[in-house]
Amino acid sequence: MQEEAPVAKLRAIALTAFQETLRRRVFYIVLVLAVIVVAGISSEMFFMRMAQRAGETKMLTTMVAQLVRGILQIWNTAALFLALFLGAIAISSEISGRTIVHVMSRPVERVVYLLGRWLGVLLFLWGFLAIGIAGALLVALWWHVSLSPLLWLGVAEMCVTVTFFSGVALGLSVFLPPVLAGGATFLLAMLPAMVGSITRDPRWLHRLPGLLGYYIGPAQMPVNLLGASFAK
């Protein structure tokens, strides 16, 4: 029997991981979040229509910009926590569900298996981001709000962030329990912000640990791209 190609194995593992993610409770959490966001949009729509009827164009533009920014920031935060959670349990869930026995019964290389699990998680995360981004853009287009080029950089940053941290969480889960893997990845994400003030300490002995923590953590943009996209 001809051995299955690595690409076919990768695709099969990724699709399996994606389907498992859809069957988890986290999918229902996503649905609840979507309902909350839609409810928030509906309430804001009432006030925006009042501003539109009153001819308050500037106020209307500001309200719509704040709404779009709020949707994107909520979705970005939710996607980050989903990336940490799904990445940390991507392997342990197969072990507890004993599906890994079926997978590893085939000649699958470890790199192909881990990459497939990661891609399956990313399919869900990218889809989740796409829903939130599309909703925010529809609101902006409906109310004819011009979009800054910075917004697209902010969207790209959202995608890169979930890709990076889900991969880190999954990589750490290879040799750490899921809770520790997710917690360590969360600390890594927060590290630059935590040591920011220490790096400006005039005493070099105090500043050195902060600088080490700053450079160990992932690089951060000097500005909040989503917030700056709608700044006047």
# chains A, B, ... in the order shown; residues from 1 in each chain; ligands from 1
$ residues_around --residues "region 74-77 of chain A" --least-positions-apart "3" --cutoff "8 Å" --atoms "only C-alpha atoms" --output "PDB file with C-alpha atoms, in the first residue's frame"
ATOM      1  CA  GLY A  70     -15.288  48.548  20.381  1.00  0.00           C
ATOM      2  CA  ILE A  71     -16.384  45.554  18.310  1.00  0.00           C
ATOM      3  CA  LEU A  80      -6.422  36.088  22.139  1.00  0.00           C
ATOM      4  CA  PHE A  81      -7.921  34.085  24.997  1.00  0.00           C
ATOM      5  CA  LEU A 129     -11.690  36.796  13.577  1.00  0.00           C
ATOM      6  CA  GLY A 132     -15.946  39.912  13.988  1.00  0.00           C
ATOM      7  CA  MET A 158      -4.945  40.697  15.153  1.00  0.00           C
TER       8      MET A 158
END
$ residues_around --residues "Met63 (chain A)" --least-positions-apart "6" --cutoff "10 Å" --atoms "only C-alpha atoms" --output "list of chain:residue names"
A:Glu44, A:Met45, A:Phe47, A:Met48, A:Ala51, A:Thr57, A:Arg69
$ write_last_selection --atoms "N, CA and C atoms" --output "mmCIF file, in the first residue's frame"
data_model
loop_
_atom_site.group_PDB
_atom_site.id
_atom_site.type_symbol
_atom_site.label_atom_id
_atom_site.label_comp_id
_atom_site.auth_asym_id
_atom_site.auth_seq_id
_atom_site.Cartn_x
_atom_site.Cartn_y
_atom_site.Cartn_z
ATOM 1 N N GLU A 44 -26.918 50.573 20.296
ATOM 2 C CA GLU A 44 -26.207 51.743 19.786
ATOM 3 C C GLU A 44 -26.888 52.302 18.538
ATOM 4 N N MET A 45 -27.484 51.423 17.748
ATOM 5 C CA MET A 45 -28.167 51.860 16.537
ATOM 6 C C MET A 45 -29.278 52.860 16.849
ATOM 7 N N PHE A 47 -29.430 55.116 19.246
ATOM 8 C CA PHE A 47 -28.877 56.447 19.496
ATOM 9 C C PHE A 47 -28.274 57.046 18.221
ATOM 10 N N MET A 48 -27.715 56.186 17.376
ATOM 11 C CA MET A 48 -27.139 56.699 16.138
ATOM 12 C C MET A 48 -28.225 57.212 15.196
ATOM 13 N N ALA A 51 -29.188 60.628 16.380
ATOM 14 C CA ALA A 51 -28.207 61.630 15.961
ATOM 15 C C ALA A 51 -28.338 61.935 14.474
ATOM 16 N N THR A 57 -24.091 65.236 12.278
ATOM 17 C CA THR A 57 -23.219 64.383 11.468
ATOM 18 C C THR A 57 -21.918 64.049 12.185
ATOM 19 N N ARG A 69 -14.714 50.422 16.660
ATOM 20 C CA ARG A 69 -13.500 50.167 17.439
ATOM 21 C C ARG A 69 -13.789 49.227 18.606
#
$ closest_residue --among "A:Ala54, A:Val162, A:Leu151, A:Leu72" --to "Phe124 (chain A)" --atoms "only C-alpha atoms"
A:Val162
$ residues_around --residues "Phe164 (chain A)" --least-positions-apart "6" --cutoff "12 Å" --atoms "only C-alpha atoms" --output "PDB file with N, CA and C atoms, in the first residue's frame"
ATOM      1  N   ALA A  79     -10.383  36.642  20.867  1.00  0.00           N
ATOM      2  CA  ALA A  79      -9.564  35.781  20.011  1.00  0.00           C
ATOM      3  C   ALA A  79      -8.247  35.427  20.686  1.00  0.00           C
ATOM      4  N   LEU A  80      -7.674  36.366  21.435  1.00  0.00           N
ATOM      5  CA  LEU A  80      -6.422  36.088  22.139  1.00  0.00           C
ATOM      6  C   LEU A  80      -6.613  34.998  23.187  1.00  0.00           C
ATOM      7  N   ALA A  83      -7.064  31.735  21.539  1.00  0.00           N
ATOM      8  CA  ALA A  83      -5.785  31.222  21.041  1.00  0.00           C
ATOM      9  C   ALA A  83      -4.998  30.542  22.155  1.00  0.00           C
ATOM     10  N   LEU A  84      -4.976  31.168  23.335  1.00  0.00           N
ATOM     11  CA  LEU A  84      -4.265  30.569  24.466  1.00  0.00           C
ATOM     12  C   LEU A  84      -4.911  29.248  24.876  1.00  0.00           C
ATOM     13  N   GLY A  87      -4.827  26.507  21.877  1.00  0.00           N
ATOM     14  CA  GLY A  87      -3.461  26.041  21.662  1.00  0.00           C
ATOM     15  C   GLY A  87      -2.972  25.155  22.788  1.00  0.00           C
ATOM     16  N   TRP A 118      -1.993  22.525  14.921  1.00  0.00           N
ATOM     17  CA  TRP A 118      -1.931  23.988  14.965  1.00  0.00           C
ATOM     18  C   TRP A 118      -2.770  24.603  13.847  1.00  0.00           C
ATOM     19  N   LEU A 119      -2.669  24.053  12.652  1.00  0.00           N
ATOM     20  CA  LEU A 119      -3.443  24.583  11.529  1.00  0.00           C
ATOM     21  C   LEU A 119      -4.945  24.420  11.765  1.00  0.00           C
ATOM     22  N   VAL A 121      -6.450  24.492  14.678  1.00  0.00           N
ATOM     23  CA  VAL A 121      -6.810  25.556  15.620  1.00  0.00           C
ATOM     24  C   VAL A 121      -6.864  26.904  14.908  1.00  0.00           C
ATOM     25  N   LEU A 122      -5.900  27.137  14.021  1.00  0.00           N
ATOM     26  CA  LEU A 122      -5.858  28.413  13.303  1.00  0.00           C
ATOM     27  C   LEU A 122      -7.057  28.588  12.378  1.00  0.00           C
ATOM     28  N   LEU A 125      -9.663  29.947  14.624  1.00  0.00           N
ATOM     29  CA  LEU A 125      -9.359  31.296  15.092  1.00  0.00           C
ATOM     30  C   LEU A 125      -9.492  32.317  13.966  1.00  0.00           C
ATOM     31  N   GLU A 157      -2.495  42.813  12.475  1.00  0.00           N
ATOM     32  CA  GLU A 157      -1.908  42.563  13.795  1.00  0.00           C
ATOM     33  C   GLU A 157      -2.748  41.562  14.584  1.00  0.00           C
ATOM     34  N   MET A 158      -4.073  41.653  14.475  1.00  0.00           N
ATOM     35  CA  MET A 158      -4.945  40.697  15.153  1.00  0.00           C
ATOM     36  C   MET A 158      -4.667  39.272  14.676  1.00  0.00           C
ATOM     37  N   LEU A 170       0.586  25.902  22.034  1.00  0.00           N
ATOM     38  CA  LEU A 170       0.637  24.504  21.600  1.00  0.00           C
ATOM     39  C   LEU A 170       2.039  23.937  21.780  1.00  0.00           C
ATOM     40  N   GLY A 171       3.050  24.727  21.443  1.00  0.00           N
ATOM     41  CA  GLY A 171       4.421  24.252  21.607  1.00  0.00           C
ATOM     42  C   GLY A 171       4.766  23.969  23.060  1.00  0.00           C
ATOM     43  N   THR A 185       2.043  31.209  28.396  1.00  0.00           N
ATOM     44  CA  THR A 185       1.847  31.996  27.175  1.00  0.00           C
ATOM     45  C   THR A 185       1.183  33.327  27.482  1.00  0.00           C
ATOM     46  N   PHE A 186       0.245  33.319  28.426  1.00  0.00           N
ATOM     47  CA  PHE A 186      -0.406  34.571  28.825  1.00  0.00           C
ATOM     48  C   PHE A 186       0.608  35.529  29.455  1.00  0.00           C
ATOM     49  N   LEU A 188       3.758  35.574  28.855  1.00  0.00           N
ATOM     50  CA  LEU A 188       4.610  36.030  27.759  1.00  0.00           C
ATOM     51  C   LEU A 188       3.951  37.179  27.003  1.00  0.00           C
ATOM     52  N   ALA A 189       2.635  37.076  26.815  1.00  0.00           N
ATOM     53  CA  ALA A 189       1.909  38.135  26.114  1.00  0.00           C
ATOM     54  C   ALA A 189       1.894  39.429  26.912  1.00  0.00           C
ATOM     55  N   GLY A 217       9.891  38.986  25.611  1.00  0.00           N
ATOM     56  CA  GLY A 217       8.498  39.022  25.177  1.00  0.00           C
ATOM     57  C   GLY A 217       8.376  39.428  23.719  1.00  0.00           C
ATOM     58  N   PRO A 218       7.201  39.192  23.128  1.00  0.00           N
ATOM     59  CA  PRO A 218       6.987  39.561  21.724  1.00  0.00           C
ATOM     60  C   PRO A 218       6.980  41.069  21.544  1.00  0.00           C
ATOM     61  N   ALA A 219       7.418  41.506  20.381  1.00  0.00           N
ATOM     62  CA  ALA A 219       7.456  42.936  20.087  1.00  0.00           C
ATOM     63  C   ALA A 219       6.044  43.507  20.034  1.00  0.00           C
TER      64      ALA A 219
END
$ residues_around --residues "Arg11 (chain A)" --least-positions-apart "5" --cutoff "9 Å" --atoms "only C-alpha atoms" --output "compact mmCIF listing (two decimals) with N, CA and C atoms, in the first residue's frame"
# COMPACT_ATOMS: atom_id res chain seq x y z
N PRO A 6 2.75 13.47 3.01
CA PRO A 6 2.73 14.33 4.20
C PRO A 6 1.68 15.43 4.12
N THR A 16 -9.41 17.39 11.26
CA THR A 16 -9.87 16.72 12.48
C THR A 16 -9.82 17.67 13.67
N GLY A 116 -0.25 20.03 11.96
CA GLY A 116 -1.65 19.80 11.61
C GLY A 116 -2.60 20.24 12.71
N LEU A 119 -2.67 24.05 12.65
CA LEU A 119 -3.44 24.58 11.53
C LEU A 119 -4.94 24.42 11.76
N GLY A 120 -5.34 23.31 12.39
CA GLY A 120 -6.75 23.13 12.70
C GLY A 120 -7.26 24.18 13.67
$ closest_residue --among "A:Pro178, A:Gly135, A:Pro149, A:Gly167" --to "Ser92 (chain A)" --atoms "only C-alpha atoms"
A:Pro178
$ select_by_dssp --residues "region 42-185 of chain A" --states "alpha helix (DSSP H)" --output "count of residues only"
122
$ atom_distance --atom1 "CA of Phe85 (chain A)" --atom2 "CA of Gly182 (chain A)"
6.2 Å
$ closest_residue --among "A:Arg49, A:His144, A:Lys58, A:Arg24" --to "Ile89 (chain A)" --atoms "only C-alpha atoms"
A:Arg24
